$ cat target05.tsv   # TSV, C-alpha atoms
chain	number	residue	atom	x	y	z
K	1	MET	CA	65.10	251.87	18.95
K	2	LEU	CA	64.00	249.06	21.18
K	3	VAL	CA	63.01	249.33	24.83
K	4	GLY	CA	63.25	246.29	27.13
K	5	MET	CA	60.30	244.94	29.09
K	6	VAL	CA	61.94	245.84	32.39
K	7	THR	CA	62.21	249.50	33.37
K	8	TRP	CA	65.88	249.16	34.13
K	9	ALA	CA	66.67	247.43	30.85
K	10	CYS	CA	67.41	249.57	27.82
K	11	ILE	CA	68.39	249.10	24.19
K	12	ASN	CA	69.02	252.18	22.04
K	13	PRO	CA	71.02	253.02	18.93
K	14	ILE	CA	74.47	254.53	19.48
K	15	ASN	CA	76.66	255.90	16.71
K	16	ASP	CA	78.72	259.11	16.81
K	17	PHE	CA	78.26	262.38	18.63
K	18	ILE	CA	78.07	266.01	17.58
K	19	GLN	CA	79.17	268.35	20.29
K	20	VAL	CA	77.24	271.51	21.14
K	21	ASP	CA	80.28	273.78	21.03
K	22	SER	CA	83.84	273.80	19.71
K	23	THR	CA	85.49	272.79	22.97
K	24	SER	CA	87.95	269.91	22.75
K	25	PHE	CA	87.95	267.23	25.43
K	26	THR	CA	90.25	264.41	26.43
K	27	THR	CA	88.53	261.05	26.04
K	28	ILE	CA	89.66	258.04	28.09
K	29	GLU	CA	88.02	254.70	27.30
K	30	ALA	CA	89.55	252.06	29.55
K	31	ASP	CA	88.57	248.39	29.77
K	32	ILE	CA	89.95	245.95	32.34
K	33	SER	CA	88.62	242.43	31.95
K	34	ASP	CA	89.26	238.84	32.97
K	35	ASP	CA	89.52	238.10	29.23
K	36	ALA	CA	93.04	238.85	28.01
K	37	GLU	CA	91.78	239.98	24.60
K	38	LEU	CA	89.53	242.74	25.94
K	39	SER	CA	91.78	244.77	28.26
K	40	LYS	CA	92.96	248.03	26.69
K	41	VAL	CA	92.97	251.82	27.13
K	42	ARG	CA	92.14	254.20	24.28
K	43	LEU	CA	93.16	257.86	24.54
K	44	THR	CA	91.87	260.48	22.13
K	45	SER	CA	91.40	264.22	21.93
K	46	SER	CA	88.04	265.23	20.53
K	47	SER	CA	87.24	267.99	18.09
K	48	ASN	CA	83.90	269.76	18.11
K	49	GLN	CA	82.43	266.73	16.34
K	50	LEU	CA	82.91	263.57	18.40
K	51	THR	CA	83.31	261.12	15.55
K	52	SER	CA	85.88	258.35	15.19
K	53	GLN	CA	87.20	260.03	12.03
K	54	LEU	CA	87.92	263.33	13.75
K	55	ALA	CA	89.07	262.14	17.17
K	56	LEU	CA	92.85	262.49	17.39
K	57	PRO	CA	94.82	259.66	19.05
K	58	ILE	CA	96.97	260.63	22.03
K	59	SER	CA	100.36	258.93	21.78
K	60	LYS	CA	103.33	258.51	24.09
K	61	ALA	CA	101.32	258.58	27.30
K	62	ILE	CA	102.25	256.67	30.44
K	63	VAL	CA	99.34	254.35	31.25
K	64	SER	CA	99.06	251.94	34.17
K	65	ILE	CA	96.64	250.31	36.56
K	66	THR	CA	97.20	249.48	40.23
K	67	ASP	CA	95.34	246.82	42.19
K	68	GLN	CA	94.32	246.74	45.85
K	69	ASN	CA	97.69	245.22	46.80
K	70	GLY	CA	99.68	248.00	45.17
K	71	LEU	CA	100.70	245.83	42.19
K	72	LYS	CA	101.24	248.13	39.21
K	73	THR	CA	100.75	247.00	35.61
K	74	SER	CA	102.04	249.22	32.81
K	75	PHE	CA	100.33	249.42	29.44
K	76	THR	CA	102.22	249.88	26.13
K	77	GLU	CA	101.00	251.77	23.08
K	78	GLY	CA	100.21	249.59	20.08
K	79	ILE	CA	98.09	249.67	16.92
K	80	PRO	CA	96.04	251.72	16.30
K	81	ARG	CA	97.86	254.74	17.71
K	82	GLY	CA	96.52	256.01	20.99
K	83	THR	CA	95.53	252.49	22.11
K	84	TYR	CA	97.46	250.96	25.01
K	85	TYR	CA	97.65	247.26	25.86
K	86	PRO	CA	98.73	245.34	28.99
K	87	PRO	CA	101.60	242.84	28.98
K	88	LYS	CA	100.91	239.49	27.34
K	89	GLY	CA	99.06	237.17	29.68
K	90	PHE	CA	97.54	239.90	31.83
K	91	VAL	CA	93.99	239.19	32.99
K	92	GLY	CA	91.90	240.93	35.60
K	93	LYS	CA	90.61	238.94	38.54
K	94	VAL	CA	87.08	238.79	39.91
K	95	GLY	CA	87.06	240.39	43.36
K	96	SER	CA	90.12	242.53	42.68
K	97	THR	CA	89.99	246.33	42.74
K	98	TYR	CA	91.75	248.50	40.14
K	99	LYS	CA	92.66	252.16	39.72
K	100	LEU	CA	93.71	253.74	36.40
K	101	ASN	CA	96.53	256.30	36.05
K	102	VAL	CA	97.31	258.21	32.85
K	103	LYS	CA	100.05	260.79	32.30
K	104	MET	CA	100.19	262.58	28.95
K	105	LEU	CA	103.37	263.73	27.25
K	106	SER	CA	102.17	267.29	27.98
K	107	GLY	CA	102.19	266.53	31.72
K	108	GLN	CA	98.42	266.26	32.18
K	109	THR	CA	97.63	263.52	34.69
K	110	TYR	CA	94.40	261.61	35.16
K	111	GLU	CA	93.23	259.13	37.77
K	112	SER	CA	90.16	256.95	38.16
K	113	THR	CA	88.24	255.93	41.22
K	114	GLU	CA	88.77	252.36	42.44
K	115	GLU	CA	86.53	249.85	40.66
K	116	THR	CA	86.00	246.23	41.70
K	117	MET	CA	85.50	243.43	39.20
K	118	LYS	CA	82.29	241.51	39.93
K	119	ALA	CA	81.53	237.95	38.81
K	120	VAL	CA	79.27	237.33	35.82
K	121	PRO	CA	76.93	234.35	35.34
K	122	GLU	CA	77.18	231.95	32.42
K	123	ILE	CA	75.01	232.33	29.34
K	124	GLU	CA	72.65	229.41	29.85
K	125	ASN	CA	70.79	229.33	26.56
K	126	THR	CA	70.40	231.25	23.31
K	127	ILE	CA	67.53	231.23	20.84
K	128	THR	CA	67.57	232.75	17.35
K	129	ARG	CA	64.30	233.56	15.56
K	130	PHE	CA	63.64	234.87	12.08
K	131	GLU	CA	61.32	237.84	12.56
K	132	ILE	CA	59.71	240.32	10.18
K	133	PHE	CA	59.01	243.91	11.19
K	134	ASP	CA	56.04	244.80	9.00
K	135	GLN	CA	56.37	248.52	9.66
K	136	TYR	CA	59.26	248.51	7.15
K	137	SER	CA	58.90	247.96	3.40
K	138	LYS	CA	60.32	244.91	1.62
K	139	VAL	CA	63.23	246.95	0.30
K	140	ASP	CA	64.22	248.12	3.80
K	141	VAL	CA	67.07	246.09	5.36
K	142	ARG	CA	65.48	246.51	8.79
K	143	ARG	CA	62.35	244.59	7.79
K	144	SER	CA	63.58	241.00	8.10
K	145	GLY	CA	66.35	239.53	10.23
K	146	PHE	CA	67.27	237.19	13.03
K	147	THR	CA	66.65	238.21	16.65
K	148	VAL	CA	68.87	236.63	19.31
K	149	TYR	CA	67.52	236.00	22.83
K	150	LEU	CA	69.31	234.53	25.83
K	151	ASP	CA	68.64	233.16	29.31
K	152	PHE	CA	70.85	233.52	32.39
K	153	LYS	CA	70.61	233.16	36.15
K	154	ASP	CA	71.20	236.43	37.98
K	155	LEU	CA	73.66	236.21	40.85
K	156	PRO	CA	72.20	236.25	44.39
K	157	SER	CA	74.12	239.41	45.31
K	158	GLU	CA	72.29	242.71	45.01
K	159	GLY	CA	73.43	245.50	42.72
K	160	ASP	CA	74.48	243.48	39.66
K	161	TYR	CA	74.67	245.23	36.32
K	162	TYR	CA	75.07	243.71	32.87
K	163	LEU	CA	76.00	244.77	29.36
K	164	TRP	CA	75.91	242.73	26.15
K	165	ASN	CA	78.22	243.14	23.17
K	166	TRP	CA	78.67	241.02	20.07
K	167	LYS	CA	81.04	240.59	17.15
K	168	HIS	CA	80.59	239.16	13.69
K	169	TYR	CA	83.51	237.99	11.54
K	170	GLU	CA	83.19	237.47	7.79
K	171	GLN	CA	85.96	236.28	5.51
K	172	LEU	CA	86.77	238.78	2.77
K	173	ASN	CA	87.59	238.24	-0.88
K	174	TYR	CA	88.46	241.89	-1.55
K	175	CYS	CA	90.79	243.91	0.66
K	176	ALA	CA	90.50	247.18	-1.25
K	177	THR	CA	87.93	248.91	-3.45
K	178	CYS	CA	89.13	251.97	-5.35
K	179	THR	CA	86.52	254.38	-6.71
K	180	ASP	CA	86.61	257.41	-9.04
K	181	GLY	CA	89.13	255.72	-11.34
K	182	ALA	CA	91.68	255.34	-8.55
K	183	LYS	CA	94.25	252.56	-8.42
K	184	TYR	CA	95.86	250.99	-5.38
K	185	ASP	CA	99.30	252.33	-4.50
K	186	PHE	CA	101.28	249.54	-2.83
K	187	ASN	CA	103.76	252.02	-1.36
K	188	ARG	CA	101.13	254.26	0.23
K	189	LEU	CA	98.87	251.27	0.93
K	190	ASP	CA	95.90	253.30	-0.25
K	191	CYS	CA	93.89	254.19	-3.34
K	192	VAL	CA	95.20	257.15	-5.34
K	193	VAL	CA	92.67	259.11	-7.40
K	194	PRO	CA	93.87	260.38	-10.80
K	195	ARG	CA	93.85	264.05	-11.70
K	196	ASN	CA	90.79	263.46	-13.84
K	197	PRO	CA	88.46	261.14	-11.89
K	198	THR	CA	86.25	258.64	-13.71
K	199	ASP	CA	83.37	256.36	-12.80
K	200	GLU	CA	85.61	253.27	-12.77
K	201	VAL	CA	85.57	251.09	-9.65
K	202	LEU	CA	88.30	248.48	-9.11
K	203	ASN	CA	88.33	245.69	-6.53
K	204	TYR	CA	91.54	244.09	-5.31
K	205	LEU	CA	91.79	240.56	-3.92
K	206	CYS	CA	93.36	239.96	-0.50
K	207	ASP	CA	96.88	238.53	-0.53
K	208	GLY	CA	95.95	236.09	2.25
K	209	LYS	CA	93.21	235.30	4.71
K	210	CYS	CA	91.35	238.36	5.99
K	211	TRP	CA	88.17	238.93	7.98
K	212	SER	CA	85.96	241.96	8.40
K	213	ILE	CA	84.76	242.67	11.95
K	214	THR	CA	81.28	243.99	12.65
K	215	THR	CA	80.16	244.97	16.15
K	216	ASN	CA	76.86	246.00	17.67
K	217	ASN	CA	75.95	249.68	17.30
K	218	ASP	CA	73.55	249.83	20.21
K	219	LEU	CA	73.78	249.92	23.99
K	220	ASN	CA	72.13	247.05	25.84
K	221	VAL	CA	72.34	247.27	29.64
K	222	PHE	CA	70.41	245.70	32.49
K	223	SER	CA	70.09	246.05	36.27
K	224	ASP	CA	68.91	243.27	38.58
K	225	ALA	CA	67.03	245.76	40.78
K	226	LEU	CA	63.74	244.06	39.95
K	227	THR	CA	65.02	240.53	39.29
K	228	ASN	CA	67.70	239.95	41.93
K	229	GLY	CA	68.71	236.29	42.08
K	230	GLN	CA	66.09	235.23	39.55
K	231	ARG	CA	66.47	233.54	36.18
K	232	VAL	CA	66.18	236.03	33.33
K	233	VAL	CA	64.49	234.45	30.31
K	234	GLY	CA	64.27	235.71	26.74
K	235	ARG	CA	66.48	238.74	27.06
K	236	GLN	CA	66.92	240.25	23.57
K	237	VAL	CA	70.58	240.90	22.86
K	238	ALA	CA	70.99	241.24	19.08
K	239	ARG	CA	69.38	241.70	15.69
K	240	ILE	CA	71.18	239.95	12.82
K	241	PRO	CA	70.69	241.09	9.19
K	242	PHE	CA	69.23	238.81	6.53
K	243	ASP	CA	71.75	239.88	3.89
K	244	ASN	CA	72.92	236.45	2.71
K	245	TRP	CA	72.16	232.73	2.85
K	246	SER	CA	75.54	231.88	4.35
K	247	PRO	CA	75.98	230.94	8.04
K	248	TYR	CA	76.57	233.93	10.30
K	249	TYR	CA	79.50	233.73	12.73
K	250	PHE	CA	78.35	235.28	15.99
K	251	ARG	CA	80.33	235.89	19.19
K	252	LEU	CA	78.22	237.09	22.09
K	253	GLU	CA	79.66	238.68	25.24
K	254	GLN	CA	77.81	238.94	28.55
K	255	ARG	CA	79.58	241.40	30.85
K	256	SER	CA	79.12	242.16	34.54
K	257	ILE	CA	79.82	245.90	34.76
K	258	THR	CA	80.19	248.31	37.67
K	259	LYS	CA	77.54	250.68	38.97
K	260	ASN	CA	79.43	253.68	37.55
K	261	ALA	CA	79.63	252.09	34.10
K	262	PHE	CA	75.92	251.26	34.18
K	263	ALA	CA	75.01	254.84	35.15
K	264	PHE	CA	77.26	256.20	32.39
K	265	TYR	CA	75.71	254.03	29.68
K	266	GLN	CA	72.20	254.63	31.01
K	267	SER	CA	72.71	258.39	30.78
K	268	LEU	CA	73.49	258.00	27.07
K	269	ILE	CA	70.36	255.90	26.59
K	270	ALA	CA	68.21	258.43	28.47
K	271	GLN	CA	69.45	261.21	26.20
K	272	VAL	CA	68.55	259.21	23.11
K	273	GLN	CA	65.05	258.60	24.45
K	274	SER	CA	64.53	262.33	25.03
K	275	SER	CA	66.19	263.67	21.88
K	276	GLY	CA	65.47	260.86	19.43
K	277	SER	CA	69.02	260.57	18.12
K	278	LEU	CA	72.54	260.41	19.48
K	279	PHE	CA	73.49	262.99	16.86
K	280	ASP	CA	71.63	265.43	19.12
K	281	VAL	CA	73.25	264.27	22.34
K	282	PRO	CA	75.52	266.95	23.88
K	283	ALA	CA	79.02	266.01	24.90
K	284	GLU	CA	78.09	266.65	28.53
K	285	THR	CA	76.32	263.29	28.51
K	286	ARG	CA	79.62	261.53	28.05
K	287	PHE	CA	81.49	263.17	30.92
K	288	SER	CA	83.16	260.49	32.96
K	289	LEU	CA	81.73	259.42	36.29
K	290	ASN	CA	84.95	257.83	37.52
K	291	ILE	CA	87.92	259.57	35.84
K	292	LYS	CA	89.24	263.00	36.87
K	293	SER	CA	92.18	265.26	36.08
K	294	LEU	CA	94.75	265.66	38.85
K	295	THR	CA	96.53	268.57	37.16
K	296	ASN	CA	93.35	270.54	36.41
K	297	PRO	CA	90.46	269.62	38.75
K	298	THR	CA	88.02	271.74	36.72
K	299	GLU	CA	88.73	269.85	33.49
K	300	ARG	CA	85.85	267.72	32.26
K	301	VAL	CA	86.90	264.31	30.93
K	302	LEU	CA	84.95	262.13	28.52
K	303	GLY	CA	84.77	258.35	28.76
K	304	ILE	CA	84.64	255.64	31.40
K	305	PHE	CA	86.92	253.30	33.35
K	306	ASN	CA	85.14	250.01	32.80
K	307	VAL	CA	86.10	246.99	34.94
K	308	PHE	CA	84.17	243.85	34.04
K	309	SER	CA	84.07	240.08	34.01
K	310	VAL	CA	82.84	238.45	30.81
K	311	ARG	CA	81.41	235.19	29.48
K	312	LYS	CA	81.39	234.46	25.75
K	313	LYS	CA	79.37	232.20	23.53
K	314	ILE	CA	80.33	231.52	19.92
K	315	PHE	CA	77.86	229.98	17.49
K	316	LEU	CA	76.78	229.96	13.85
K	317	ILE	CA	73.37	231.23	12.83
K	318	ASP	CA	71.89	229.14	10.01
K	319	ARG	CA	70.22	231.69	7.74
K	320	LYS	CA	68.48	229.06	5.61
K	321	GLN	CA	66.30	227.52	8.30
K	322	ASN	CA	62.66	228.48	8.99
K	323	ILE	CA	62.52	231.22	6.35
K	324	PRO	CA	58.97	231.94	5.15
K	325	ILE	CA	58.10	231.47	1.48
K	326	ASN	CA	58.80	234.54	-0.67
K	327	GLU	CA	61.31	235.95	1.82
K	328	TYR	CA	64.78	236.46	0.37
K	329	PRO	CA	67.99	238.03	1.68
K	330	MET	CA	68.98	241.50	0.56
K	331	ILE	CA	72.41	240.56	-0.76
K	332	PRO	CA	74.47	243.71	-1.45
K	333	PRO	CA	75.77	243.75	-5.05
K	334	VAL	CA	79.48	243.77	-5.84
K	335	ILE	CA	80.11	247.01	-7.66
K	336	GLY	CA	83.08	247.38	-9.97
K	337	LEU	CA	85.60	245.17	-11.73
K	338	LEU	CA	88.25	242.81	-10.40
K	339	TYR	CA	91.70	244.24	-10.96
K	340	SER	CA	94.37	241.86	-12.24
K	341	CYS	CA	97.84	242.44	-13.64
K	342	PRO	CA	98.15	242.27	-17.43
K	343	PRO	CA	99.78	239.06	-18.72
K	344	GLY	CA	103.50	239.08	-17.97
K	345	ALA	CA	103.32	242.30	-15.94
K	346	SER	CA	103.99	240.49	-12.65
K	347	ALA	CA	107.58	239.97	-13.74
K	348	PHE	CA	107.98	243.75	-13.82
K	349	GLY	CA	106.62	244.34	-10.33
K	350	CYS	CA	102.90	244.55	-10.97
K	351	LYS	CA	100.81	243.55	-7.94
K	352	ASP	CA	97.10	242.86	-7.84
K	353	GLN	CA	96.57	241.48	-4.33
K	354	VAL	CA	96.32	243.82	-1.35
K	355	PRO	CA	97.54	243.07	2.21
K	356	CYS	CA	95.05	242.71	5.04
K	357	MET	CA	95.56	245.76	7.27
K	358	GLU	CA	94.90	245.16	10.96
K	359	SER	CA	92.34	247.55	12.41
K	360	ALA	CA	89.28	247.67	14.60
K	361	THR	CA	87.21	246.46	11.62
K	362	ARG	CA	89.62	244.03	9.96
K	363	THR	CA	92.02	241.24	10.93
K	364	LYS	CA	94.14	238.46	9.43
K	365	ILE	CA	94.06	236.48	12.68
K	366	THR	CA	91.70	233.52	12.44
K	367	PRO	CA	88.71	234.19	14.73
K	368	GLU	CA	88.26	231.97	17.76
K	369	GLY	CA	86.05	228.99	16.91
K	370	TRP	CA	86.15	229.57	13.13
K	371	VAL	CA	85.06	226.34	11.41
K	372	PHE	CA	84.62	227.25	7.73
$ encode --input "target05.tsv" --output "structure tokens"
Amino acid sequence: MLVGMVTWACINPINDFIQVDSTSFTTIEADISDDAELSKVRLTSSSNQLTSQLALPISKAIVSITDQNGLKTSFTEGIPRGTYYPPKGFVGKVGSTYKLNVKMLSGQTYESTEETMKAVPEIENTITRFEIFDQYSKVDVRRSGFTVYLDFKDLPSEGDYYLWNWKHYEQLNYCATCTDGAKYDFNRLDCVVPRNPTDEVLNYLCDGKCWSITTNNDLNVFSDALTNGQRVVGRQVARIPFDNWSPYYFRLEQRSITKNAFAFYQSLIAQVQSSGSLFDVPAETRFSLNIKSLTNPTERVLGIFNVFSVRKKIFLIDRKQNIPINEYPMIPPVIGLLYSCPPGASAFGCKDQVPCMESATRTKITPEGWVF
């Protein structure tokens, strides 16, 4: 857990949530951006444990946004289920105001407050430093890594709020790993464990290009209350692992978020600071500040309607430069054997290469700016 130098700036770990009771809530996570790739609405119904594995996607909803001129844009459900996307080419506009409307198949209707997209400054400069945290032992992955800092010029307007996200893409060799003696079923597109499990682990090559996607697991927000209109220098935005010698593809996003979004994220951070872990954070912390139910005014909704402008910076981090003597990456070992069809078995339908399945953590689409 890292705390920024400015009182209003916070960085804290965020993973999954465990709810204090067995009540189920509707969760609406809506993003409207001036980047076509980032606009989407995710609808889920939570169980008593608010984890991505247990949250149930809500399908067949009617989802739309309306701007200040009454122009309505409908969103269509895509992959994964429960995620809704705008028409191709849709981008939000700085200065425009948007309202979200959601109607479930059950008839439940939800509406957001109006949120205006504010401009965001450019990322002026980034610096990456190899740093060692001596409080961790040499076998702890947190001990050594690359810290990313940036500079930007805050806008002259008062009441600007920022959030930083990042993504890392890494090309995969294996698209499936089957444990317990399982083998990959190309009809089910999953590993199938035998009746009598074994210790055997099999790895399957990808049948084409495929990338894993890693994102930040912390919240990093900032208010210009104490720095309005000034240049912000050396803002820490990421910590990159030293788990290989290879260059690290890094895509940084600087977002200008609304006051409601900032307050929502800050409430999560405050709970972590008081409880020590987001596993102890009650669901009440995630109740939306700008989405309400029209059919049941007493219903409490989780999530946030987030309207933001974004600037991106893509670069490669050289993980061979400026490394102290006797410091080495903690390269995770490849466990198991490579599966391959027996000689001649391909003619009888044997397959040994697995398709790349699109998901939030995997893609076969070449990342923007990929140069390898």
$ residues_around --input "target05.tsv" --residues "range 200-213 of chain K" --least-positions-apart "2" --cutoff "7 Å" --atoms "only C-alpha atoms" --output "ChimeraX atom specification"
/K:167-181,198,215,336-339,352-356,361-364
$ atom_distance --input "target05.tsv" --atom1 "CA of Phe133 in chain K" --atom2 "CA of Arg319 in chain K"
16.9 Å
$ residues_around --input "target05.tsv" --residues "Val301 in chain K" --least-positions-apart "5" --cutoff "10 Å" --atoms "all atoms listed in the file" --output "mmCIF file with C-alpha atoms, in the frame of the given file"
data_model
loop_
_atom_site.group_PDB
_atom_site.id
_atom_site.type_symbol
_atom_site.label_atom_id
_atom_site.label_comp_id
_atom_site.auth_asym_id
_atom_site.auth_seq_id
_atom_site.Cartn_x
_atom_site.Cartn_y
_atom_site.Cartn_z
ATOM 1 C CA SER K 24 87.950 269.910 22.750
ATOM 2 C CA PHE K 25 87.950 267.230 25.430
ATOM 3 C CA THR K 26 90.250 264.410 26.430
ATOM 4 C CA THR K 27 88.530 261.050 26.040
ATOM 5 C CA ILE K 28 89.660 258.040 28.090
ATOM 6 C CA TYR K 110 94.400 261.610 35.160
ATOM 7 C CA GLU K 284 78.090 266.650 28.530
ATOM 8 C CA ARG K 286 79.620 261.530 28.050
ATOM 9 C CA PHE K 287 81.490 263.170 30.920
ATOM 10 C CA SER K 288 83.160 260.490 32.960
ATOM 11 C CA LEU K 289 81.730 259.420 36.290
ATOM 12 C CA ASN K 290 84.950 257.830 37.520
ATOM 13 C CA ILE K 291 87.920 259.570 35.840
ATOM 14 C CA LYS K 292 89.240 263.000 36.870
ATOM 15 C CA SER K 293 92.180 265.260 36.080
#
$ residues_around --input "target05.tsv" --residues "range 98-100 of chain K" --least-positions-apart "4" --cutoff "9 Å" --atoms "all atoms listed in the file" --output "count of residues only"
20
$ residues_around --input "target05.tsv" --residues "Phe152 in chain K" --least-positions-apart "3" --cutoff "12 Å" --atoms "only C-alpha atoms" --output "MDAnalysis selection string"
chainID K and resid 120:126 149 155 162 224 227:236 254:255 311
$ residues_around --input "target05.tsv" --residues "Leu105 in chain K" --least-positions-apart "4" --cutoff "12 Å" --atoms "only C-alpha atoms" --output "list in words"
Ile58, Ser59, Lys60, Ala61, Ile62, Val63 and Thr109 of chain K
$ atom_distance --input "target05.tsv" --atom1 "CA of Ala119 in chain K" --atom2 "CA of Phe75 in chain K"
23.9 Å
$ closest_residue --input "target05.tsv" --among "K:Gly95, K:Gly70, K:Gly82, K:Pro324" --to "Leu43 in chain K" --atoms "all atoms listed in the file"
K:Gly82
$ axis_aligned_box --input "target05.tsv" --around "range 308-321 of chain K" --padding-each-side "3 Å" --output "JSON"
{"center_x": 75.2, "center_y": 235.7, "center_z": 19.8, "size_x": 23.9, "size_y": 22.3, "size_z": 34.4}
$ atom_distance --input "target05.tsv" --atom1 "CA of Glu368 in chain K" --atom2 "CA of Gly89 in chain K"
16.9 Å
$ closest_residue --input "target05.tsv" --among "K:Tyr84, K:Trp370, K:Phe348, K:Phe146" --to "Phe242 in chain K" --atoms "all atoms listed in the file"
K:Phe146
$ closest_residue --input "target05.tsv" --among "K:Tyr249, K:Tyr265, K:Phe222, K:Phe372" --to "Tyr161 in chain K" --atoms "only C-alpha atoms"
K:Phe222
$ closest_atom_pairs --input "target05.tsv" --of "range 218-334 of chain K" --to "range 35-40 of chain K" --cutoff "10 Å" --atoms "all atoms listed in the file" --output "Markdown table"
| residue | atom | partner | partner_atom | distance |
| --- | --- | --- | --- | --- |
| K:Asn306 | CA | K:Ser39 | CA | 9.6 |
| K:Val307 | CA | K:Ser39 | CA | 9.0 |
| K:Phe308 | CA | K:Asp35 | CA | 9.2 |
| K:Ser309 | CA | K:Asp35 | CA | 7.5 |
| K:Val310 | CA | K:Asp35 | CA | 6.9 |
| K:Arg311 | CA | K:Asp35 | CA | 8.6 |
| K:Lys312 | CA | K:Asp35 | CA | 9.6 |
$ write_last_selection --input "target05.tsv" --atoms "C-alpha atoms" --output "PDB file, keeping the file's coordinate frame"
ATOM      1  CA  ASN K 306      85.140 250.010  32.800  1.00  0.00           C
ATOM      2  CA  VAL K 307      86.100 246.990  34.940  1.00  0.00           C
ATOM      3  CA  PHE K 308      84.170 243.850  34.040  1.00  0.00           C
ATOM      4  CA  SER K 309      84.070 240.080  34.010  1.00  0.00           C
ATOM      5  CA  VAL K 310      82.840 238.450  30.810  1.00  0.00           C
ATOM      6  CA  ARG K 311      81.410 235.190  29.480  1.00  0.00           C
ATOM      7  CA  LYS K 312      81.390 234.460  25.750  1.00  0.00           C
TER       8      LYS K 312
END
$ build_atoms --input "target05.tsv" --residues "range 353-365 of chain K" --atoms "N, CA and C atoms" --output "PDB file, in the frame of the given file"
ATOM      1  N   GLN K 353      97.146 241.973  -5.576  1.00  0.00           N
ATOM      2  CA  GLN K 353      96.570 241.480  -4.330  1.00  0.00           C
ATOM      3  C   GLN K 353      97.027 242.358  -3.177  1.00  0.00           C
ATOM      4  N   VAL K 354      96.076 242.817  -2.378  1.00  0.00           N
ATOM      5  CA  VAL K 354      96.320 243.820  -1.350  1.00  0.00           C
ATOM      6  C   VAL K 354      96.468 243.159   0.014  1.00  0.00           C
ATOM      7  N   PRO K 355      97.402 243.645   0.857  1.00  0.00           N
ATOM      8  CA  PRO K 355      97.540 243.070   2.210  1.00  0.00           C
ATOM      9  C   PRO K 355      96.356 243.384   3.099  1.00  0.00           C
ATOM     10  N   CYS K 356      96.103 242.507   4.049  1.00  0.00           N
ATOM     11  CA  CYS K 356      95.050 242.710   5.040  1.00  0.00           C
ATOM     12  C   CYS K 356      95.613 243.605   6.138  1.00  0.00           C
ATOM     13  N   MET K 357      95.060 244.798   6.297  1.00  0.00           N
ATOM     14  CA  MET K 357      95.560 245.760   7.270  1.00  0.00           C
ATOM     15  C   MET K 357      94.802 245.619   8.580  1.00  0.00           C
ATOM     16  N   GLU K 358      95.528 245.321   9.649  1.00  0.00           N
ATOM     17  CA  GLU K 358      94.900 245.160  10.960  1.00  0.00           C
ATOM     18  C   GLU K 358      94.277 246.477  11.422  1.00  0.00           C
ATOM     19  N   SER K 359      93.037 246.380  11.889  1.00  0.00           N
ATOM     20  CA  SER K 359      92.340 247.550  12.410  1.00  0.00           C
ATOM     21  C   SER K 359      91.201 247.074  13.286  1.00  0.00           C
ATOM     22  N   ALA K 360      90.421 248.029  13.772  1.00  0.00           N
ATOM     23  CA  ALA K 360      89.280 247.670  14.600  1.00  0.00           C
ATOM     24  C   ALA K 360      88.207 246.942  13.800  1.00  0.00           C
ATOM     25  N   THR K 361      88.244 247.066  12.472  1.00  0.00           N
ATOM     26  CA  THR K 361      87.210 246.460  11.620  1.00  0.00           C
ATOM     27  C   THR K 361      87.758 245.391  10.684  1.00  0.00           C
ATOM     28  N   ARG K 362      89.024 245.019  10.865  1.00  0.00           N
ATOM     29  CA  ARG K 362      89.620 244.030   9.960  1.00  0.00           C
ATOM     30  C   ARG K 362      90.768 243.303  10.655  1.00  0.00           C
ATOM     31  N   THR K 363      90.918 242.009  10.341  1.00  0.00           N
ATOM     32  CA  THR K 363      92.020 241.240  10.930  1.00  0.00           C
ATOM     33  C   THR K 363      92.406 240.070  10.038  1.00  0.00           C
ATOM     34  N   LYS K 364      93.675 239.671  10.126  1.00  0.00           N
ATOM     35  CA  LYS K 364      94.140 238.460   9.430  1.00  0.00           C
ATOM     36  C   LYS K 364      94.314 237.300  10.402  1.00  0.00           C
ATOM     37  N   ILE K 365      93.984 237.531  11.659  1.00  0.00           N
ATOM     38  CA  ILE K 365      94.060 236.480  12.680  1.00  0.00           C
ATOM     39  C   ILE K 365      92.761 235.680  12.645  1.00  0.00           C
TER      40      ILE K 365
END
